[in-house]
>>> print(open('start.txt').read())   # compact mmCIF, C-alpha atoms
# COMPACT_ATOMS: atom_id res chain seq x y z
CA MET A 28 93.65 107.57 78.06
CA SER A 29 91.17 106.29 80.60
CA SER A 30 87.67 107.20 81.58
CA LYS A 31 88.18 105.59 84.99
CA ARG A 32 89.93 107.68 87.62
CA SER A 33 88.78 106.00 90.83
CA LYS A 34 91.90 103.95 91.56
CA ASN A 35 93.89 106.78 93.13
CA PRO A 36 91.61 109.81 93.30
CA ALA A 37 94.01 111.85 95.43
CA LEU A 38 96.96 111.23 93.08
CA PRO A 39 97.38 114.04 90.51
CA VAL A 40 96.83 112.94 86.90
CA LEU A 41 97.66 114.38 83.49
CA ASP A 42 94.27 116.10 83.26
CA ASP A 43 95.24 118.13 86.35
CA ALA A 44 98.50 119.23 84.74
CA PHE A 45 96.84 120.23 81.46
CA ARG A 46 94.88 122.84 83.46
CA LEU A 47 98.08 124.54 84.68
CA ALA A 48 98.97 127.87 83.07
CA SER A 49 102.56 126.72 82.50
CA VAL A 50 101.32 123.75 80.49
CA LYS A 51 98.66 125.75 78.62
CA ASP A 52 101.34 128.31 77.68
CA ALA A 53 103.73 125.66 76.33
CA GLU A 54 104.00 125.29 72.57
CA GLU A 55 101.53 122.75 71.26
CA SER A 56 104.33 120.42 70.15
CA THR A 57 105.74 120.26 73.70
CA ARG A 58 102.51 120.45 75.71
CA ASP A 59 102.25 116.70 76.33
CA VAL A 60 105.81 116.50 77.66
CA ALA A 61 105.22 119.61 79.78
CA ALA A 62 102.07 118.01 81.25
CA ARG A 63 103.88 114.76 82.02
CA LEU A 64 106.72 116.57 83.78
CA ALA A 65 104.26 118.80 85.66
CA THR A 66 102.31 115.72 86.77
CA THR A 67 105.56 114.24 88.05
CA GLU A 68 106.21 117.32 90.18
CA LEU A 69 102.60 117.50 91.40
CA ARG A 70 102.79 113.89 92.55
CA ARG A 71 106.13 114.35 94.25
CA ALA A 72 104.85 117.41 96.10
CA SER A 73 101.48 115.95 97.11
CA HIS A 74 102.70 112.42 97.93
CA PRO A 75 106.29 112.71 99.18
CA GLY A 76 106.13 109.18 100.64
CA ARG A 77 105.59 107.63 97.22
CA VAL A 78 108.26 107.20 94.60
CA THR A 79 107.39 108.81 91.26
CA TRP A 80 109.47 108.21 88.15
CA ASP A 81 109.24 110.79 85.38
CA PRO A 82 108.80 109.79 81.72
CA THR A 83 112.55 110.06 81.12
CA ASP A 84 113.49 107.64 83.95
CA GLN A 85 114.39 104.82 81.61
CA ALA A 86 116.42 102.67 83.99
CA GLU A 87 114.22 100.09 85.66
CA PRO A 88 114.32 100.73 89.42
CA VAL A 89 115.91 98.29 91.83
CA PRO A 90 114.04 96.83 93.54
CA VAL A 91 111.26 96.99 90.99
CA PRO A 92 107.82 97.85 92.38
CA PRO A 93 105.17 95.19 91.71
CA THR A 94 102.58 97.80 90.70
CA VAL A 95 102.61 101.38 89.44
CA VAL A 96 100.04 103.99 88.54
CA ASP A 97 100.50 105.75 85.18
CA GLY A 98 99.95 109.42 84.32
CA ASP A 99 96.21 108.89 83.93
CA GLY A 100 95.87 107.09 87.25
CA ASP A 101 95.59 103.61 85.72
CA LEU A 102 97.15 100.58 87.40
CA TRP A 103 99.90 98.49 85.78
CA LEU A 104 101.20 95.18 87.12
CA ARG A 105 104.66 93.70 86.66
CA ASP A 106 105.05 90.06 85.70
CA ARG A 107 107.89 88.85 87.94
CA GLY A 108 108.74 86.05 85.51
CA THR A 109 109.22 88.20 82.42
CA GLY A 110 109.75 91.65 83.95
CA THR A 111 107.10 93.10 81.64
CA TRP A 112 104.09 95.26 82.49
CA THR A 113 100.38 94.85 81.75
CA MET A 114 97.23 96.81 82.53
CA PRO A 115 94.88 94.41 84.35
CA GLU A 116 91.76 96.49 83.69
CA PHE A 117 92.39 96.85 79.96
CA ASN A 118 89.19 97.03 77.97
CA PRO A 119 89.44 97.97 74.28
CA LYS A 120 86.27 100.05 74.60
CA ASP A 121 87.86 102.29 77.25
CA PHE A 122 91.57 102.34 76.43
CA PRO A 123 93.82 102.74 73.38
CA ALA A 124 95.03 99.41 71.96
CA ARG A 125 98.58 100.07 73.19
CA CYS A 126 97.33 99.68 76.79
CA GLY A 127 96.46 96.07 76.06
CA GLU A 128 100.01 95.20 75.05
CA VAL A 129 102.80 93.78 77.19
CA LEU A 130 105.32 96.59 77.75
CA THR A 131 108.84 96.93 79.08
CA TRP A 132 109.61 99.46 81.82
CA ASN A 133 111.14 101.79 79.20
CA GLN A 134 108.02 101.68 77.04
CA LEU A 135 105.71 102.15 80.00
CA ALA A 136 107.66 105.08 81.46
CA CYS A 137 108.09 106.84 78.12
CA GLU A 138 104.57 106.37 76.79
CA PHE A 139 102.45 106.43 79.95
CA GLY A 140 104.61 108.13 82.59
CA PRO A 141 104.97 109.50 85.07
CA LEU A 142 104.78 106.28 87.03
CA THR A 143 104.12 106.21 90.76
CA GLY A 144 104.52 103.31 93.16
CA LEU A 145 101.44 102.44 95.15
CA ALA A 146 103.20 101.99 98.47
CA ASP A 147 103.97 105.00 100.61
CA ASP A 148 107.51 103.77 101.05
CA ARG A 149 110.49 105.69 99.69
CA ARG A 150 112.68 102.59 99.93
CA ILE A 151 110.87 100.97 96.98
CA GLY A 152 112.73 101.53 93.73
CA SER A 153 115.54 103.88 92.94
CA GLY A 154 113.72 106.49 90.86
CA ARG A 155 114.54 110.13 91.26
CA ARG A 156 112.89 111.37 94.43
CA ARG A 157 113.05 115.12 94.41
>>> encode(input="start.txt", output="structure tokens")
Amino acid sequence: MSSKRSKNPALPVLDDAFRLASVKDAEESTRDVAARLATTELRRASHPGRVTWDPTDQAEPVPVPPTVVDGDGDLWLRDRGTGTWTMPEFNPKDFPARCGEVLTWNQLACEFGPLTGLADDRRIGSGRRR
């Protein structure tokens, strides 16, 4: 999705997962889902202090984090007034149009997950924390 990966260089991204043999060996129709789930596990293993929600975590966490990083390493901010999410660095030249839209947690998690909180604090959110 993004050509910029500097926001969280140590945080695994989808490109990392697509290099894994298990993802390469997945059927083409399921490869994207396999990469998203693999990215979730890579993040949980490499950053155990951060909460990572996988793409199927559809229930908005409580408390809701103010910012998350998507599967590509891009930052999303939550509007406390509306509860919706936006990408502050959206530029139509660099990102698909969908990234410029206002999304709900469900849309963000499903389409751009896994999502990882920025804070190294396991108390933030109630996502699955394997």
>>> residues_around(input="start.txt", residues="region 139-143 of chain A", least_positions_apart="2", cutoff="6 Å", atoms="all atoms listed in the file", output="list in words")
Thr67, Val78, Thr79, Trp80, Asp81, Pro82, Val95, Val96, Asp97, Gly98, Leu135, Ala136 and Cys137 of chain A
>>> atom_distance(input="start.txt", atom1="CA of Asp52 (chain A)", atom2="CA of Gln85 (chain A)")
27.2 Å
>>> closest_residue(input="start.txt", among="A:Leu102, A:Arg63, A:Thr109, A:Leu41", to="Thr83 (chain A)", atoms="only C-alpha atoms")
A:Arg63
>>> atom_distance(input="start.txt", atom1="CA of Ala62 (chain A)", atom2="CA of Pro115 (chain A)")
24.9 Å
>>> atom_distance(input="start.txt", atom1="CA of Leu104 (chain A)", atom2="CA of Asp59 (chain A)")
24.1 Å
>>> residues_around(input="start.txt", residues="Gly127 (chain A)", least_positions_apart="6", cutoff="8 Å", atoms="all atoms listed in the file", output="list in words")
Thr113, Met114, Phe117, Asn118 and Pro119 of chain A
>>> closest_residue(input="start.txt", among="A:Ser73, A:Glu68, A:Asp101, A:Leu130", to="Glu116 (chain A)", atoms="all atoms listed in the file")
A:Asp101
>>> closest_residue(input="start.txt", among="A:Leu69, A:Val91, A:Leu64, A:Leu38", to="Val50 (chain A)", atoms="all atoms listed in the file")
A:Leu64
